[in-house]
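start14.tsv (TSV, C-alpha atoms)
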chain	number	residue	atom	x	y	z
B	10	GLN	CA	17.05	20.87	23.72
B	11	VAL	CA	18.21	23.88	21.64
B	12	GLN	CA	17.54	26.76	24.06
B	13	GLY	CA	17.54	27.50	27.73
B	14	ASP	CA	19.65	26.16	30.57
B	15	GLY	CA	21.53	23.00	29.75
B	16	ALA	CA	20.99	23.30	25.98
B	17	ALA	CA	24.68	23.89	25.16
B	18	ALA	CA	25.85	20.99	27.36
B	19	GLY	CA	23.29	18.69	25.74
B	20	ILE	CA	24.49	19.57	22.24
B	21	VAL	CA	28.11	18.96	23.33
B	22	ARG	CA	27.13	15.49	24.57
B	23	ALA	CA	25.38	14.79	21.29
B	24	LEU	CA	28.50	15.76	19.33
B	25	GLU	CA	30.62	13.43	21.47
B	26	ALA	CA	28.18	10.58	20.89
B	27	LEU	CA	28.27	11.12	17.13
B	28	ARG	CA	32.07	11.15	17.20
B	29	ARG	CA	32.11	7.79	19.03
B	30	HIS	CA	29.75	6.24	16.44
B	31	ASP	CA	32.20	7.19	13.64
B	32	ARG	CA	29.74	6.46	10.83
B	33	HIS	CA	28.54	9.88	9.70
B	34	ASP	CA	29.58	11.94	6.68
B	35	VAL	CA	28.50	15.28	8.14
B	36	ILE	CA	26.82	16.76	11.22
B	37	LEU	CA	24.12	19.44	10.87
B	38	ILE	CA	23.44	21.72	13.86
B	39	ALA	CA	20.26	23.69	13.17
B	40	ARG	CA	17.29	25.41	14.73
B	41	GLY	CA	14.68	27.97	13.67
B	42	GLY	CA	14.73	31.67	14.39
B	43	GLY	CA	14.18	33.30	17.73
B	44	SER	CA	15.29	36.10	19.99
B	45	LEU	CA	18.90	36.66	20.98
B	46	GLU	CA	18.19	34.94	24.31
B	47	ASP	CA	16.66	31.92	22.52
B	48	LEU	CA	19.80	31.50	20.40
B	49	TRP	CA	22.27	32.23	23.21
B	50	ALA	CA	23.14	28.54	23.78
B	51	PHE	CA	24.99	28.58	20.44
B	52	ASN	CA	27.38	31.24	21.78
B	53	ASP	CA	28.61	28.88	24.52
B	54	GLU	CA	32.40	28.47	24.69
B	55	GLN	CA	32.34	24.70	25.37
B	56	LEU	CA	30.00	24.14	22.44
B	57	ALA	CA	32.22	26.26	20.16
B	58	ARG	CA	35.29	24.22	21.17
B	59	ALA	CA	33.45	20.95	20.60
B	60	ILE	CA	32.37	22.02	17.10
B	61	ALA	CA	35.90	23.17	16.20
B	62	ALA	CA	37.40	19.89	17.45
B	63	SER	CA	34.89	17.62	15.68
B	64	PRO	CA	36.62	15.23	13.22
B	65	VAL	CA	33.36	15.08	11.26
B	66	PRO	CA	32.53	18.20	9.16
B	67	VAL	CA	29.94	20.39	10.86
B	68	VAL	CA	27.36	22.60	9.13
B	69	SER	CA	25.79	25.32	11.28
B	70	ALA	CA	22.33	26.67	10.39
B	71	ILE	CA	21.13	28.67	13.37
B	72	GLY	CA	18.10	30.94	13.13
B	73	HIS	CA	17.21	33.10	10.16
B	74	GLU	CA	19.58	34.53	7.55
B	75	ILE	CA	20.31	37.66	9.58
B	76	ASP	CA	21.12	35.71	12.77
B	77	PHE	CA	24.75	34.95	13.62
B	78	SER	CA	26.24	32.96	16.49
B	79	ILE	CA	29.70	31.78	17.51
B	80	SER	CA	28.75	28.29	16.31
B	81	ASP	CA	28.42	29.69	12.77
B	82	PHE	CA	32.01	30.96	12.83
B	83	VAL	CA	33.69	27.80	14.17
B	84	ALA	CA	31.72	25.34	12.01
B	85	ASP	CA	33.14	24.10	8.70
B	86	VAL	CA	30.24	25.64	6.76
B	87	ARG	CA	27.50	28.14	7.69
B	88	ALA	CA	24.10	27.92	6.03
B	89	ALA	CA	21.72	30.86	6.12
B	90	THR	CA	18.73	28.70	7.17
B	91	PRO	CA	18.11	25.03	8.00
B	92	SER	CA	16.39	24.52	4.62
B	93	ALA	CA	19.41	26.04	2.85
B	94	ALA	CA	21.63	23.59	4.75
B	95	ALA	CA	19.52	20.67	3.50
B	96	GLU	CA	19.88	21.84	-0.12
B	97	LEU	CA	23.62	22.28	0.39
B	98	LEU	CA	24.15	18.76	1.78
B	99	VAL	CA	21.93	16.86	-0.68
B	100	PRO	CA	22.72	17.88	-4.29
B	101	ASP	CA	20.20	17.05	-6.99
B	102	SER	CA	21.09	13.68	-8.55
B	103	ARG	CA	19.73	14.91	-11.89
B	104	GLU	CA	22.31	17.69	-11.89
B	105	LEU	CA	25.07	15.14	-11.23
B	106	LEU	CA	23.86	12.95	-14.11
B	107	ARG	CA	23.72	15.96	-16.42
B	108	ALA	CA	27.30	16.81	-15.44
B	109	VAL	CA	28.34	13.23	-16.25
B	110	ALA	CA	26.60	13.45	-19.65
B	111	THR	CA	28.36	16.76	-20.38
B	112	LEU	CA	31.77	15.27	-19.54
B	113	GLU	CA	31.03	12.26	-21.74
B	114	SER	CA	30.06	14.49	-24.66
B	115	ARG	CA	33.20	16.60	-24.26
B	116	LEU	CA	35.38	13.48	-24.15
B	117	GLU	CA	33.80	12.04	-27.30
B	118	SER	CA	34.20	15.35	-29.16
B	119	ALA	CA	37.86	15.60	-28.15
B	120	MET	CA	38.57	12.06	-29.32
B	121	LEU	CA	36.84	12.62	-32.66
B	122	ARG	CA	38.85	15.83	-33.19
B	123	ARG	CA	42.06	13.97	-32.45
B	124	LEU	CA	41.07	11.17	-34.81
B	125	ARG	CA	40.40	13.69	-37.60
B	126	ASP	CA	43.78	15.37	-36.98
B	127	HIS	CA	45.66	12.09	-37.25
B	128	SER	CA	43.64	11.09	-40.31
B	129	GLN	CA	44.77	14.32	-41.99
B	130	SER	CA	48.38	13.49	-41.08
B	131	VAL	CA	47.99	10.09	-42.71
B	132	ASP	CA	46.53	11.76	-45.81
B	133	ARG	CA	49.55	14.06	-46.04
B	134	LEU	CA	51.92	11.10	-45.77
B	135	TRP	CA	49.93	9.36	-48.49
B	136	LEU	CA	50.36	12.34	-50.82
B	137	ARG	CA	54.10	12.35	-50.15
B	138	LEU	CA	54.30	8.66	-50.97
B	139	GLN	CA	52.42	9.23	-54.22
B	140	GLY	CA	55.13	11.67	-55.33
B	141	GLN	CA	57.75	8.89	-55.29
B	142	ARG	CA	56.10	7.05	-58.22
B	143	SER	CA	56.27	3.48	-57.01
B	144	ASP	CA	52.83	2.32	-58.08
B	145	GLN	CA	52.84	-1.20	-56.72
B	146	ARG	CA	53.98	-0.27	-53.23
B	147	LEU	CA	51.69	2.76	-53.12
B	148	ARG	CA	48.69	0.63	-54.01
B	149	ALA	CA	49.66	-1.85	-51.30
B	150	MET	CA	50.01	0.95	-48.75
B	151	ALA	CA	46.68	2.45	-49.82
B	152	ALA	CA	44.98	-0.90	-49.31
B	153	ARG	CA	46.65	-1.29	-45.91
B	154	LEU	CA	45.60	2.19	-44.81
B	155	ALA	CA	42.06	1.56	-46.04
B	156	GLN	CA	41.98	-1.49	-43.77
B	157	LEU	CA	43.56	0.17	-40.75
B	158	LEU	CA	41.58	3.40	-40.60
B	159	PRO	CA	38.09	1.82	-40.34
B	160	ARG	CA	39.35	-0.65	-37.75
B	161	PHE	CA	40.92	2.19	-35.80
B	162	ALA	CA	37.71	4.23	-35.92
B	163	ILE	CA	35.69	1.18	-34.83
B	164	ALA	CA	38.08	0.59	-31.92
B	165	VAL	CA	37.73	4.20	-30.74
B	166	ARG	CA	33.93	4.11	-31.03
B	167	SER	CA	33.86	0.79	-29.17
B	168	ARG	CA	35.91	2.28	-26.36
B	169	LEU	CA	33.57	5.27	-26.20
B	170	VAL	CA	30.55	2.95	-26.04
B	171	GLN	CA	32.17	1.03	-23.19
B	172	GLN	CA	32.82	4.28	-21.35
B	173	ARG	CA	29.22	5.37	-21.93
B	174	LEU	CA	27.94	2.11	-20.45
B	175	ARG	CA	30.26	2.40	-17.46
B	176	LEU	CA	29.23	6.01	-16.86
B	177	ALA	CA	25.58	5.00	-17.07
B	178	ALA	CA	26.21	2.25	-14.51
B	179	SER	CA	27.97	4.78	-12.30
B	180	GLY	CA	24.97	7.09	-12.60
B	181	ARG	CA	22.60	4.30	-11.54
B	182	SER	CA	24.73	3.56	-8.52
B	183	LEU	CA	24.72	7.19	-7.36
B	184	ALA	CA	21.56	6.64	-5.36
B	185	GLN	CA	23.22	3.78	-3.45
B	186	GLN	CA	26.35	5.67	-2.40
B	187	PRO	CA	26.86	8.19	0.43
B	188	VAL	CA	26.00	11.63	-0.91
B	189	LEU	CA	29.28	13.35	-0.07
B	190	HIS	CA	31.39	10.61	-1.76
B	191	ARG	CA	29.52	10.50	-5.08
B	192	VAL	CA	31.11	13.42	-6.88
B	193	GLU	CA	34.66	12.54	-5.79
B	194	ARG	CA	34.36	8.91	-6.87
B	195	LEU	CA	32.86	9.94	-10.19
B	196	ARG	CA	35.69	12.39	-10.82
B	197	GLU	CA	38.35	9.74	-10.05
B	198	ARG	CA	36.62	7.25	-12.35
B	199	GLN	CA	36.47	9.81	-15.18
B	200	GLN	CA	40.17	10.63	-14.82
B	201	ALA	CA	41.11	6.95	-14.90
B	202	LEU	CA	39.05	6.37	-18.05
B	203	ASN	CA	40.61	9.41	-19.73
B	204	MET	CA	44.13	8.15	-18.99
B	205	ARG	CA	43.38	4.64	-20.27
B	206	LEU	CA	41.74	5.92	-23.45
B	207	VAL	CA	44.55	8.37	-24.26
B	208	ALA	CA	47.21	5.70	-23.59
B	209	GLY	CA	45.46	3.19	-25.86
B	210	LEU	CA	45.06	5.74	-28.63
B	211	SER	CA	48.70	6.81	-28.38
B	212	ARG	CA	49.90	3.20	-28.65
B	213	ARG	CA	47.77	2.58	-31.73
B	214	LEU	CA	48.93	5.80	-33.41
B	215	ASP	CA	52.59	5.02	-32.65
B	216	ALA	CA	52.22	1.59	-34.25
B	217	ASN	CA	50.60	3.07	-37.38
B	218	ARG	CA	53.24	5.79	-37.60
B	219	SER	CA	56.06	3.21	-37.36
B	220	ALA	CA	54.47	1.12	-40.15
B	221	LEU	CA	54.20	4.18	-42.39
B	222	GLN	CA	57.80	5.19	-41.73
B	223	LEU	CA	59.04	1.67	-42.54
B	224	ALA	CA	57.03	1.62	-45.78
B	225	GLY	CA	58.35	5.08	-46.71
B	226	ARG	CA	61.96	3.93	-46.26
B	227	GLY	CA	61.28	0.90	-48.45
B	228	LEU	CA	59.74	3.06	-51.16
B	229	HIS	CA	62.67	5.46	-51.07
B	230	ALA	CA	65.15	2.60	-51.40
B	231	ALA	CA	63.30	1.32	-54.50
B	232	SER	CA	62.84	4.77	-56.07
B	233	PRO	CA	64.67	5.58	-59.32
B	234	LEU	CA	65.78	8.83	-57.69
B	235	ALA	CA	67.63	6.82	-55.04
B	236	LEU	CA	69.46	4.91	-57.80
B	237	ILE	CA	70.44	8.18	-59.50
B	238	ALA	CA	71.82	9.48	-56.21
B	239	ARG	CA	74.23	6.51	-56.14
B	240	GLY	CA	75.83	7.55	-59.45
B	241	TYR	CA	73.48	6.25	-62.13
B	242	ALA	CA	71.85	8.41	-64.84
B	243	ILE	CA	68.64	8.28	-66.91
B	244	VAL	CA	69.28	9.10	-70.60
B	245	SER	CA	66.40	10.26	-72.82
B	246	ASP	CA	65.98	11.72	-76.29
B	247	ALA	CA	66.18	15.54	-76.08
B	248	GLY	CA	63.29	16.02	-78.48
B	249	SER	CA	60.72	13.31	-77.65
B	250	GLY	CA	61.77	12.60	-74.07
B	251	ALA	CA	61.77	8.83	-74.75
B	252	VAL	CA	64.12	6.90	-72.48
B	253	VAL	CA	67.19	5.50	-74.23
B	254	ARG	CA	67.42	1.82	-73.29
B	255	SER	CA	70.00	0.64	-75.87
B	256	VAL	CA	72.71	2.04	-78.11
B	257	ARG	CA	70.49	0.99	-81.01
B	258	ASP	CA	68.02	3.70	-79.94
B	259	VAL	CA	70.44	6.56	-80.85
B	260	HIS	CA	72.57	7.65	-83.79
B	261	SER	CA	75.58	9.88	-84.24
B	262	GLY	CA	74.87	13.56	-83.72
B	263	GLN	CA	71.57	12.91	-81.89
B	264	ALA	CA	70.86	15.29	-78.99
B	265	VAL	CA	70.17	13.46	-75.71
B	266	ARG	CA	69.54	14.52	-72.14
B	267	ALA	CA	71.07	12.76	-69.08
B	268	ARG	CA	69.41	13.19	-65.69
B	269	ILE	CA	71.81	12.82	-62.76
B	270	ALA	CA	71.46	13.37	-59.02
B	271	ASP	CA	71.83	17.16	-58.95
B	272	GLY	CA	70.55	18.22	-62.39
B	273	THR	CA	70.41	17.48	-66.14
B	274	LEU	CA	73.16	17.31	-68.78
B	275	GLU	CA	72.48	18.22	-72.41
B	276	LEU	CA	74.61	15.84	-74.53
B	277	ARG	CA	75.14	14.86	-78.18
B	278	VAL	CA	75.97	11.32	-79.34
B	279	GLN	CA	79.38	11.16	-80.99
B	280	SER	CA	79.55	7.48	-81.97
B	281	PRO	CA	77.17	4.90	-80.47
B	282	ALA	CA	78.77	1.50	-80.10
B	283	GLU	CA	77.39	-1.75	-78.81
B	284	SER	CA	79.17	-3.43	-75.95
B	285	ALA	CA	81.47	-6.29	-76.89
B	286	PRO	CA	79.88	-9.75	-76.70
B	287	LYS	CA	80.78	-11.78	-73.69
B	288	ARG	CA	83.16	-14.69	-74.11
B	289	ARG	CA	81.81	-18.13	-73.29
Would you mind writing the file out in structure tokens?
Amino acid sequence: QVQGDGAAAGIVRALEALRRHDRHDVILIARGGGSLEDLWAFNDEQLARAIAASPVPVVSAIGHEIDFSISDFVADVRAATPSAAAELLVPDSRELLRAVATLESRLESAMLRRLRDHSQSVDRLWLRLQGQRSDQRLRAMAARLAQLLPRFAIAVRSRLVQQRLRLAASGRSLAQQPVLHRVERLRERQQALNMRLVAGLSRRLDANRSALQLAGRGLHAASPLALIARGYAIVSDAGSGAVVRSVRDVHSGQAVRARIADGTLELRVQSPAESAPKRR
């Protein structure tokens, strides 16, 4: 009964019964339009207190859009009409699936952008390594990078495929879950997947970065420039630029150039002499 004597008390009893059942996501109190006297039961003080005290969320949809009652003000949500309340409580599953697809697309785009950024960083490191002129090690590093990058890209795409399958499974299970819990569970699942994917990517990038740094230190240690920095020099003919490897390669008065750690010395040979033979 939603109007007349006893209507308010009957609705209060119904609310108490629903509270005892403790199995509902939401309670909808609704009726069609009518005169002020027809809707007066929803201005009852006891009914207003029962709605305010309900542990289950209450949606009030009393009368037409222009009608207001005390029940509307104490409820958790007011709907303009009963049909508007139904649309509010039961979102379109297609809209939820579209939202999931949008989030998936945004996640994939973000991961691809991050992969491109790190690939560019690797390219820059590769160019720096090339400048150290250690051909064998550079070729080895190039081969290693060529192996790692495709495997890394495959791993990222595989993780994205797994996420896509899990999201699709979540979408199929939407119809089997209580309506008001669907969006919250989906949001929690998406956040968990984001955290796991970012953590896995960070670990892989840290490992690759450490390998590159270790290789760079090895290349620097083997570089001729590192030897020069320890006090050695590279001597070459001032005219042709040919490296002098023996005293037999120069003669008295010949102009030579010595490259040391902080610059170049222009020198002239005074008297080349072979080193004394070693005693046996």
>> Using only C-alpha atoms, which protein or nucleic acid residues come within 12 Å of range 254-267 of chain B? Drop anything in the same chain fewer than 4 positions from it, and give the result as an NGL selection string.
In response: :B and (237 or 240-250 or 271-284)
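Rounded to one decimal, CA of Arg58 in chain B and CA of Phe82 in chain B lie 11.2 Å from each other.
In this comparison, which uses only C-alpha atoms, the residue of B:Arg137, B:Leu112, B:Leu98, B:Asp132 approaching Arg198 in chain B most closely is B:Leu112.
Here CA of Arg268 in chain B is placed at a distance of 10.5 Å from CA of Ala238 in chain B.
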>> Between B:Pro159, B:Ser114, B:Leu154, B:Val35, which residue has the minimum interatomic distance to Leu134 in chain B, considering only C-alpha atoms?
In response: B:Leu154
Residues at most 12 Å from Leu158 in chain B, counting only C-alpha atoms, excluding those fewer than 4 positions away in the same chain, as an mmCIF file with C-alpha atoms, keeping the file's coordinate frame?
data_model
loop_
_atom_site.group_PDB
_atom_site.id
_atom_site.type_symbol
_atom_site.label_atom_id
_atom_site.label_comp_id
_atom_site.auth_asym_id
_atom_site.auth_seq_id
_atom_site.Cartn_x
_atom_site.Cartn_y
_atom_site.Cartn_z
ATOM 1 C CA LEU B 124 41.070 11.170 -34.810
ATOM 2 C CA ARG B 125 40.400 13.690 -37.600
ATOM 3 C CA HIS B 127 45.660 12.090 -37.250
ATOM 4 C CA SER B 128 43.640 11.090 -40.310
ATOM 5 C CA GLN B 129 44.770 14.320 -41.990
ATOM 6 C CA VAL B 131 47.990 10.090 -42.710
ATOM 7 C CA ASP B 132 46.530 11.760 -45.810
ATOM 8 C CA MET B 150 50.010 0.950 -48.750
ATOM 9 C CA ALA B 151 46.680 2.450 -49.820
ATOM 10 C CA ALA B 152 44.980 -0.900 -49.310
ATOM 11 C CA ARG B 153 46.650 -1.290 -45.910
ATOM 12 C CA LEU B 154 45.600 2.190 -44.810
ATOM 13 C CA ALA B 162 37.710 4.230 -35.920
ATOM 14 C CA ILE B 163 35.690 1.180 -34.830
ATOM 15 C CA ALA B 164 38.080 0.590 -31.920
ATOM 16 C CA VAL B 165 37.730 4.200 -30.740
ATOM 17 C CA ARG B 213 47.770 2.580 -31.730
ATOM 18 C CA LEU B 214 48.930 5.800 -33.410
ATOM 19 C CA ASN B 217 50.600 3.070 -37.380
#
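Picture a line from CA of Leu48 in chain B to CA of Asp85 in chain B; it runs 19.2 Å.
Each of B:Arg87, B:Leu202, B:Val68, B:Gly225 was compared to Leu136 in chain B using all atoms listed in the file, and B:Gly225 turns out to be the nearest.
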> Using only C-alpha atoms, which residue out of B:Ser211, B:Ser78, B:Arg196, B:Arg133 lies closest to Glu113 in chain B?
Replying inline: B:Arg196
> Closest to Asp34 in chain B among B:Val99, B:Leu121, B:Ala59, B:Val83, using all atoms listed in the file?
Replying inline: B:Val99
Neighbours of Trp49 in chain B within 10 Å (all atoms listed in the file; same-chain residues fewer than 5 positions away dropped), as a PDB file with C-alpha atoms, in the frame of the given file?
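Output contents, as saved in out.pdb:
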ATOM      1  CA  VAL B  11      18.210  23.880  21.640  1.00  0.00           C
ATOM      2  CA  GLN B  12      17.540  26.760  24.060  1.00  0.00           C
ATOM      3  CA  GLY B  13      17.540  27.500  27.730  1.00  0.00           C
ATOM      4  CA  ASP B  14      19.650  26.160  30.570  1.00  0.00           C
ATOM      5  CA  ALA B  16      20.990  23.300  25.980  1.00  0.00           C
ATOM      6  CA  ALA B  17      24.680  23.890  25.160  1.00  0.00           C
ATOM      7  CA  GLY B  43      14.180  33.300  17.730  1.00  0.00           C
ATOM      8  CA  SER B  44      15.290  36.100  19.990  1.00  0.00           C
ATOM      9  CA  SER B  78      26.240  32.960  16.490  1.00  0.00           C
ATOM     10  CA  ILE B  79      29.700  31.780  17.510  1.00  0.00           C
TER      11      ILE B  79
END
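Nearest residue to Leu116 in chain B, choosing from B:Arg194, B:Arg166, B:His73, B:Arg239 and counting all atoms listed in the file: B:Arg166.
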> Could you tell me, as a VMD selection string, which residues have any atom at most 9 Å from (21.1, 32.9, 13.0), counting only C-alpha atoms?
Replying inline: chain B and resid 40 to 43 48 70 to 78 81 89 to 90
